[in-house]
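Asks: If it helps, the file is called input-v1.pdb and holds PDB, C-alpha atoms:
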ATOM      1  CA  MET I 281    -106.980  -9.362  21.525
ATOM      2  CA  ALA I 282    -103.625  -8.427  23.045
ATOM      3  CA  ASP I 283    -102.635  -4.840  23.779
ATOM      4  CA  PRO I 284    -101.370  -3.489  20.431
ATOM      5  CA  GLU I 285     -98.433  -1.811  22.212
ATOM      6  CA  GLN I 286     -97.349  -5.050  23.928
ATOM      7  CA  GLU I 287     -94.150  -6.596  22.520
ATOM      8  CA  THR I 288     -94.531 -10.129  21.163
ATOM      9  CA  LEU I 289     -92.288 -13.100  20.528
ATOM     10  CA  ALA I 290     -92.788 -15.706  17.811
ATOM     11  CA  VAL I 291     -93.124 -19.203  19.289
ATOM     12  CA  GLY I 292     -94.310 -21.126  16.224
ATOM     13  CA  ARG I 293     -95.361 -20.984  12.598
ATOM     14  CA  ILE I 294     -98.369 -22.825  11.191
ATOM     15  CA  VAL I 295     -97.061 -24.860   8.278
ATOM     16  CA  ARG I 296    -100.275 -26.517   7.068
ATOM     17  CA  PRO I 297    -103.441 -28.319   8.164
ATOM     18  CA  HIS I 298    -103.277 -31.960   9.244
ATOM     19  CA  GLY I 299    -106.216 -34.238   8.560
ATOM     20  CA  VAL I 300    -109.830 -33.113   8.310
ATOM     21  CA  ARG I 301    -110.598 -32.155  11.922
ATOM     22  CA  GLY I 302    -108.718 -28.856  12.038
ATOM     23  CA  GLU I 303    -105.379 -29.903  13.490
ATOM     24  CA  LEU I 304    -102.441 -27.664  12.612
ATOM     25  CA  VAL I 305     -98.853 -28.660  11.832
ATOM     26  CA  VAL I 306     -96.661 -26.159  13.704
ATOM     27  CA  GLU I 307     -92.960 -25.483  13.272
ATOM     28  CA  VAL I 308     -91.766 -24.757  16.810
ATOM     29  CA  LEU I 309     -89.725 -21.550  17.245
ATOM     30  CA  THR I 310     -89.286 -21.677  21.015
ATOM     31  CA  ASP I 311     -87.037 -23.524  23.429
ATOM     32  CA  SER I 312     -90.041 -24.021  25.743
ATOM     33  CA  PRO I 313     -92.775 -25.702  23.679
ATOM     34  CA  GLU I 314     -94.106 -27.483  26.769
ATOM     35  CA  LEU I 315     -94.917 -24.063  28.282
ATOM     36  CA  ARG I 316     -96.024 -22.175  25.177
ATOM     37  CA  PHE I 317     -98.289 -24.903  23.745
ATOM     38  CA  ALA I 318     -99.796 -26.223  26.998
ATOM     39  CA  PRO I 319    -103.578 -26.695  26.860
ATOM     40  CA  GLY I 320    -105.273 -23.433  27.806
ATOM     41  CA  SER I 321    -102.395 -21.254  26.565
ATOM     42  CA  VAL I 322    -103.490 -18.236  24.548
ATOM     43  CA  LEU I 323    -101.392 -17.489  21.462
ATOM     44  CA  GLY I 324    -101.529 -14.407  19.288
ATOM     45  CA  THR I 325    -101.526 -14.726  15.514
ATOM     46  CA  GLN I 326     -99.661 -12.579  13.037
ATOM     47  CA  ARG I 327     -99.306 -12.561   9.261
ATOM     48  CA  ARG I 328     -96.226 -10.892   7.792
ATOM     49  CA  GLY I 329     -97.211  -7.497   6.488
ATOM     50  CA  LYS I 330    -100.750  -7.725   7.870
ATOM     51  CA  GLY I 331    -100.236  -7.335  11.591
ATOM     52  CA  ARG I 332    -101.987  -9.121  14.405
ATOM     53  CA  GLY I 333    -105.050 -11.255  14.073
ATOM     54  CA  GLN I 334    -107.259 -13.328  16.333
ATOM     55  CA  ASN I 335    -105.977 -15.105  19.428
ATOM     56  CA  LEU I 336    -105.993 -18.903  19.533
ATOM     57  CA  THR I 337    -106.461 -20.982  22.675
ATOM     58  CA  VAL I 338    -104.561 -24.273  22.680
ATOM     59  CA  ALA I 339    -106.873 -27.277  23.182
ATOM     60  CA  ALA I 340    -104.164 -29.938  22.740
ATOM     61  CA  ALA I 341    -100.657 -30.369  21.338
ATOM     62  CA  ARG I 342     -98.507 -33.387  20.589
ATOM     63  CA  PRO I 343     -95.189 -34.042  18.846
ATOM     64  CA  HIS I 344     -95.369 -35.398  15.296
ATOM     65  CA  ALA I 345     -92.512 -35.992  12.808
ATOM     66  CA  GLY I 346     -90.218 -33.329  14.262
ATOM     67  CA  ARG I 347     -92.983 -30.746  14.490
ATOM     68  CA  LEU I 348     -96.030 -30.222  16.651
ATOM     69  CA  LEU I 349     -99.662 -31.052  15.960
ATOM     70  CA  LEU I 350    -101.845 -28.411  17.554
ATOM     71  CA  ARG I 351    -105.569 -28.347  18.122
ATOM     72  CA  ALA I 352    -106.972 -24.878  18.820
ATOM     73  CA  GLU I 353    -110.406 -24.018  20.179
ATOM     74  CA  GLY I 354    -112.713 -22.828  17.407
ATOM     75  CA  VAL I 355    -110.596 -24.254  14.569
ATOM     76  CA  ASP I 356    -112.957 -26.979  13.410
ATOM     77  CA  GLY I 357    -112.300 -28.608  10.074
ATOM     78  CA  ARG I 358    -109.680 -28.526   7.394
ATOM     79  CA  GLU I 359    -110.929 -25.304   5.793
ATOM     80  CA  ALA I 360    -110.577 -23.328   9.060
ATOM     81  CA  ALA I 361    -107.097 -24.805   9.529
ATOM     82  CA  GLU I 362    -106.141 -23.966   5.932
ATOM     83  CA  ASP I 363    -107.030 -20.300   6.569
ATOM     84  CA  LEU I 364    -104.258 -20.242   9.200
ATOM     85  CA  ARG I 365    -101.494 -21.548   6.918
ATOM     86  CA  GLY I 366     -98.347 -19.399   7.236
ATOM     87  CA  VAL I 367     -99.516 -17.593  10.385
ATOM     88  CA  THR I 368     -96.907 -16.921  13.080
ATOM     89  CA  LEU I 369     -97.968 -17.808  16.627
ATOM     90  CA  THR I 370     -96.865 -15.345  19.299
ATOM     91  CA  VAL I 371     -96.834 -14.730  23.037
ATOM     92  CA  THR I 372     -96.515 -11.394  24.789
ATOM     93  CA  ALA I 373     -93.139 -10.439  26.188
ATOM     94  CA  ASP I 374     -94.490 -10.191  29.746
ATOM     95  CA  VAL I 375     -94.858 -14.002  29.946
ATOM     96  CA  LEU I 376     -91.232 -14.647  28.975
ATOM     97  CA  GLU I 377     -88.707 -15.956  31.424
ATOM     98  CA  PRO I 378     -85.382 -14.098  31.395
ATOM     99  CA  THR I 379     -82.670 -15.921  29.490
ATOM    100  CA  ASP I 380     -79.308 -16.694  31.065
ATOM    101  CA  ASP I 381     -77.651 -17.410  27.707
ATOM    102  CA  PRO I 382     -75.694 -14.340  26.519
ATOM    103  CA  ASP I 383     -76.088 -15.489  22.896
ATOM    104  CA  GLU I 384     -79.881 -15.827  23.041
ATOM    105  CA  PHE I 385     -82.218 -12.922  22.341
ATOM    106  CA  HIS I 386     -85.952 -12.395  22.168
ATOM    107  CA  ASP I 387     -87.287 -10.755  19.005
ATOM    108  CA  HIS I 388     -88.458  -7.641  20.844
ATOM    109  CA  GLU I 389     -84.921  -7.056  22.153
ATOM    110  CA  LEU I 390     -83.536  -6.896  18.589
ATOM    111  CA  VAL I 391     -86.186  -4.728  16.927
ATOM    112  CA  GLY I 392     -85.067  -1.105  17.031
ATOM    113  CA  LEU I 393     -81.338  -1.805  17.319
ATOM    114  CA  ARG I 394     -79.036   0.222  15.057
ATOM    115  CA  ALA I 395     -77.100  -1.951  12.612
ATOM    116  CA  VAL I 396     -73.529  -0.962  11.813
ATOM    117  CA  GLN I 397     -70.864  -2.702   9.761
ATOM    118  CA  VAL I 398     -67.590  -3.859  11.314
ATOM    119  CA  SER I 399     -66.025  -0.734   9.775
ATOM    120  CA  GLY I 400     -68.444   1.427  11.794
ATOM    121  CA  GLU I 401     -70.519   2.446   8.765
ATOM    122  CA  GLU I 402     -74.213   2.817   9.623
ATOM    123  CA  VAL I 403     -76.492   0.373   7.780
ATOM    124  CA  GLY I 404     -79.907   1.034   9.287
ATOM    125  CA  GLU I 405     -82.229  -0.245  11.981
ATOM    126  CA  VAL I 406     -83.686  -3.678  12.741
ATOM    127  CA  SER I 407     -87.385  -3.420  11.855
ATOM    128  CA  ASP I 408     -88.372  -7.079  12.255
ATOM    129  CA  VAL I 409     -87.138 -10.597  12.927
ATOM    130  CA  VAL I 410     -88.402 -12.919  10.199
ATOM    131  CA  HIS I 411     -88.735 -16.604  11.071
ATOM    132  CA  THR I 412     -88.315 -18.930   8.095
ATOM    133  CA  PRO I 413     -87.874 -22.699   7.822
ATOM    134  CA  ALA I 414     -84.196 -22.057   7.001
ATOM    135  CA  GLY I 415     -83.609 -19.879  10.070
ATOM    136  CA  GLU I 416     -84.075 -16.338  11.289
ATOM    137  CA  LEU I 417     -83.482 -13.204   9.243
ATOM    138  CA  LEU I 418     -83.102  -9.656  10.501
ATOM    139  CA  ALA I 419     -85.101  -7.176   8.428
ATOM    140  CA  LEU I 420     -83.090  -3.955   8.314
ATOM    141  CA  ARG I 421     -84.568  -0.627   7.218
ATOM    142  CA  THR I 422     -81.694   1.240   5.548
ATOM    143  CA  ALA I 423     -81.112   5.007   5.542
ATOM    144  CA  ASP I 424     -82.411   5.135   1.937
ATOM    145  CA  ASP I 425     -85.615   3.336   3.075
ATOM    146  CA  ARG I 426     -84.872  -0.089   1.591
ATOM    147  CA  GLU I 427     -85.500  -3.334   3.420
ATOM    148  CA  VAL I 428     -82.521  -5.701   3.546
ATOM    149  CA  LEU I 429     -82.785  -9.224   4.953
ATOM    150  CA  VAL I 430     -79.688 -10.357   6.842
ATOM    151  CA  PRO I 431     -79.262 -13.973   8.004
ATOM    152  CA  PHE I 432     -79.148 -13.961  11.814
ATOM    153  CA  VAL I 433     -76.052 -16.138  12.211
ATOM    154  CA  ALA I 434     -72.876 -15.480  14.232
ATOM    155  CA  GLU I 435     -70.697 -15.242  11.106
ATOM    156  CA  ILE I 436     -72.731 -12.308   9.777
ATOM    157  CA  VAL I 437     -73.927 -10.792  13.082
ATOM    158  CA  PRO I 438     -70.863 -11.237  15.317
ATOM    159  CA  GLU I 439     -71.781  -8.698  17.989
ATOM    160  CA  ILE I 440     -74.977  -7.591  19.710
ATOM    161  CA  ASP I 441     -74.827  -4.854  22.357
ATOM    162  CA  LEU I 442     -78.290  -4.331  23.822
ATOM    163  CA  ALA I 443     -77.033  -1.696  26.283
ATOM    164  CA  ALA I 444     -75.608   0.391  23.428
ATOM    165  CA  GLY I 445     -78.677  -0.259  21.245
ATOM    166  CA  LYS I 446     -76.719  -1.643  18.325
ATOM    167  CA  LEU I 447     -75.544  -4.740  16.546
ATOM    168  CA  VAL I 448     -72.552  -5.212  14.295
ATOM    169  CA  ILE I 449     -72.857  -6.978  10.949
ATOM    170  CA  ASP I 450     -70.125  -8.389   8.747
ATOM    171  CA  PRO I 451     -72.079  -8.963   5.525
ATOM    172  CA  PRO I 452     -70.733 -11.007   2.646
ATOM    173  CA  GLU I 453     -70.108  -9.064  -0.551
ATOM    174  CA  GLY I 454     -73.353  -8.062  -2.262
ATOM    175  CA  LEU I 455     -75.721  -8.634   0.675
ATOM    176  CA  LEU I 456     -76.433  -4.952   1.184
ATOM    177  CA  ASP I 457     -76.471  -4.012  -2.523
ATOM    178  CA  GLU I 458     -79.665  -2.815  -4.195
TER     179      GLU I 458
END
Could you quickly redo this structure as structure tokens?

Replies:
Amino acid sequence: MADPEQETLAVGRIVRPHGVRGELVVEVLTDSPELRFAPGSVLGTQRRGKGRGQNLTVAAARPHAGRLLLRAEGVDGREAAEDLRGVTLTVTADVLEPTDDPDEFHDHELVGLRAVQVSGEEVGEVSDVVHTPAGELLALRTADDREVLVPFVAEIVPEIDLAAGKLVIDPPEGLLDE
């Protein structure tokens, strides 16, 4: 298992099993699927709220209907594949190539940033990046210990300053309400 202190990045989400031999339908969350899902690659697994699980070694991967069909060593049969439904597949941050795009961020770069509104009012801190079929959400832990999910889109998160350790949000009315 990976070092528990090592930062991770989500590269895929297991949507469901495919067939009876243990193949997995994966929603790709990376710009480099050819690197992340190459045979022999080791991927971490994580369930929201439950932390890290077993590592999976990629046996084979192929495109299928806009997603990826993945075969992992030791996942034999539909029941074993079904047990992995909803699991996020991760890689450790040390295997990531630096990005040249100023508007692209790895999850581990966002977690821990202070979130402030355009007005300067403190909102809280980014505690997680949640990957959903509809897009990414920033989980913010507010000063009063609530979790608020903020869509990670330029209209709502117009500014990210990694050097200053903060991001600016411009939430629509009601987004931050209890």

Asks: Can you work out which one of I:Glu427, I:Glu439, I:Glu401, I:Glu307 has the shortest atom-to-atom distance to Pro413 (chain I), counting all atoms listed in the file?

Replies: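 Looking at the shortest contact to Pro413 (chain I), the residue is I:Glu307.
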
Asks: Using Å and a single decimal, report how far CA of Arg301 (chain I) sits from CA of Thr288 (chain I).

Replies: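 Rounded to one decimal, the two atoms are 28.8 Å apart.
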
Asks: Return as AutoDock Vina command-line options the centre and edge lengths, in Å with one decimal, of the box along x, y and z that encloses every atom of region 286-292 of chain I in the file, padded by 4 Å per side.

Replies:
--center_x -94.8 --center_y -13.1 --center_z 20.1 --size_x 13.1 --size_y 24.1 --size_z 15.7

Asks: Record the distance separating CA of Val448 (chain I) and CA of Val396 (chain I), expressed in Å with one decimal.

Replies: 5.0 Å

Asks: So what do you get for CA of Ile294 (chain I) versus CA of Asp408 (chain I), distance-wise?

Replies: 18.7 Å
